[in-house]
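Enquirer: Sharing a structure below in structure tokens format, with a few things to ask.
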Amino acid sequence: MYNGTIMNDDENNNVIPFPYGEIRNPIIEPRPDDEMDMAGECIQEILMTLSEYGYNPKFDPAFFRDMGCIMNLIYGALVRKENPDYPFVEILDIIHEMIMETRNK
């Protein structure tokens, strides 16, 4: 017996139970309102536009990293109401304060 879940000695089988309800297949069970999917779509559109101006994260590791951060900030903005404890929600507030302070100088 392995952790009591994968193999069941009583039945002498090695069937691994599928975790129903824990894994989502986006084709079978689409969720167009999934915030991370929406954030990813936003970044794709941003990257398509930027590529028209010669920006390509494939050849610029810092730019690639920045785009990943921006995608997480977009996600944080989308989940602010439902998940106010998501760490990037606080970061968004800090960035806003920094922008306002810079603007007022």
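Chain labels run A, B, ... following the order of the structure tokens; each chain numbers its residues from 1, and ligands are numbered from 1 in the order shown.
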May I have the residues within 7 Å of region 34-39 of chain A as a list of chain:residue names, using only C-alpha atoms and disregarding those fewer than 3 positions away in the same chain?

Expert: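 Everything that qualifies: A:Arg31, A:Cys42, A:Ile43, A:Met71, A:Ile74, A:Tyr75, A:Leu78, A:Val79.
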
Enquirer: Mind dumping the selected residues with C-alpha atoms as an mmCIF file, in the first residue's frame?

Expert:
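Produced file out.cif, reproduced below:
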data_model
loop_
_atom_site.group_PDB
_atom_site.id
_atom_site.type_symbol
_atom_site.label_atom_id
_atom_site.label_comp_id
_atom_site.auth_asym_id
_atom_site.auth_seq_id
_atom_site.Cartn_x
_atom_site.Cartn_y
_atom_site.Cartn_z
ATOM 1 C CA ARG A 31 -14.316 29.092 -17.689
ATOM 2 C CA CYS A 42 -4.173 40.510 -21.963
ATOM 3 C CA ILE A 43 -0.432 39.864 -21.985
ATOM 4 C CA MET A 71 0.651 39.624 -16.032
ATOM 5 C CA ILE A 74 -3.207 42.297 -14.109
ATOM 6 C CA TYR A 75 -4.331 39.149 -12.300
ATOM 7 C CA LEU A 78 -8.852 41.270 -11.515
ATOM 8 C CA VAL A 79 -9.051 39.329 -8.222
#

Enquirer: As an exercise, work out the distance from CA of Val89 (chain A) to CA of Ala77 (chain A) in Å and give it to one decimal place.

Expert: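 About the pair CA of Val89 (chain A) and CA of Ala77 (chain A): they are 6.6 Å apart.
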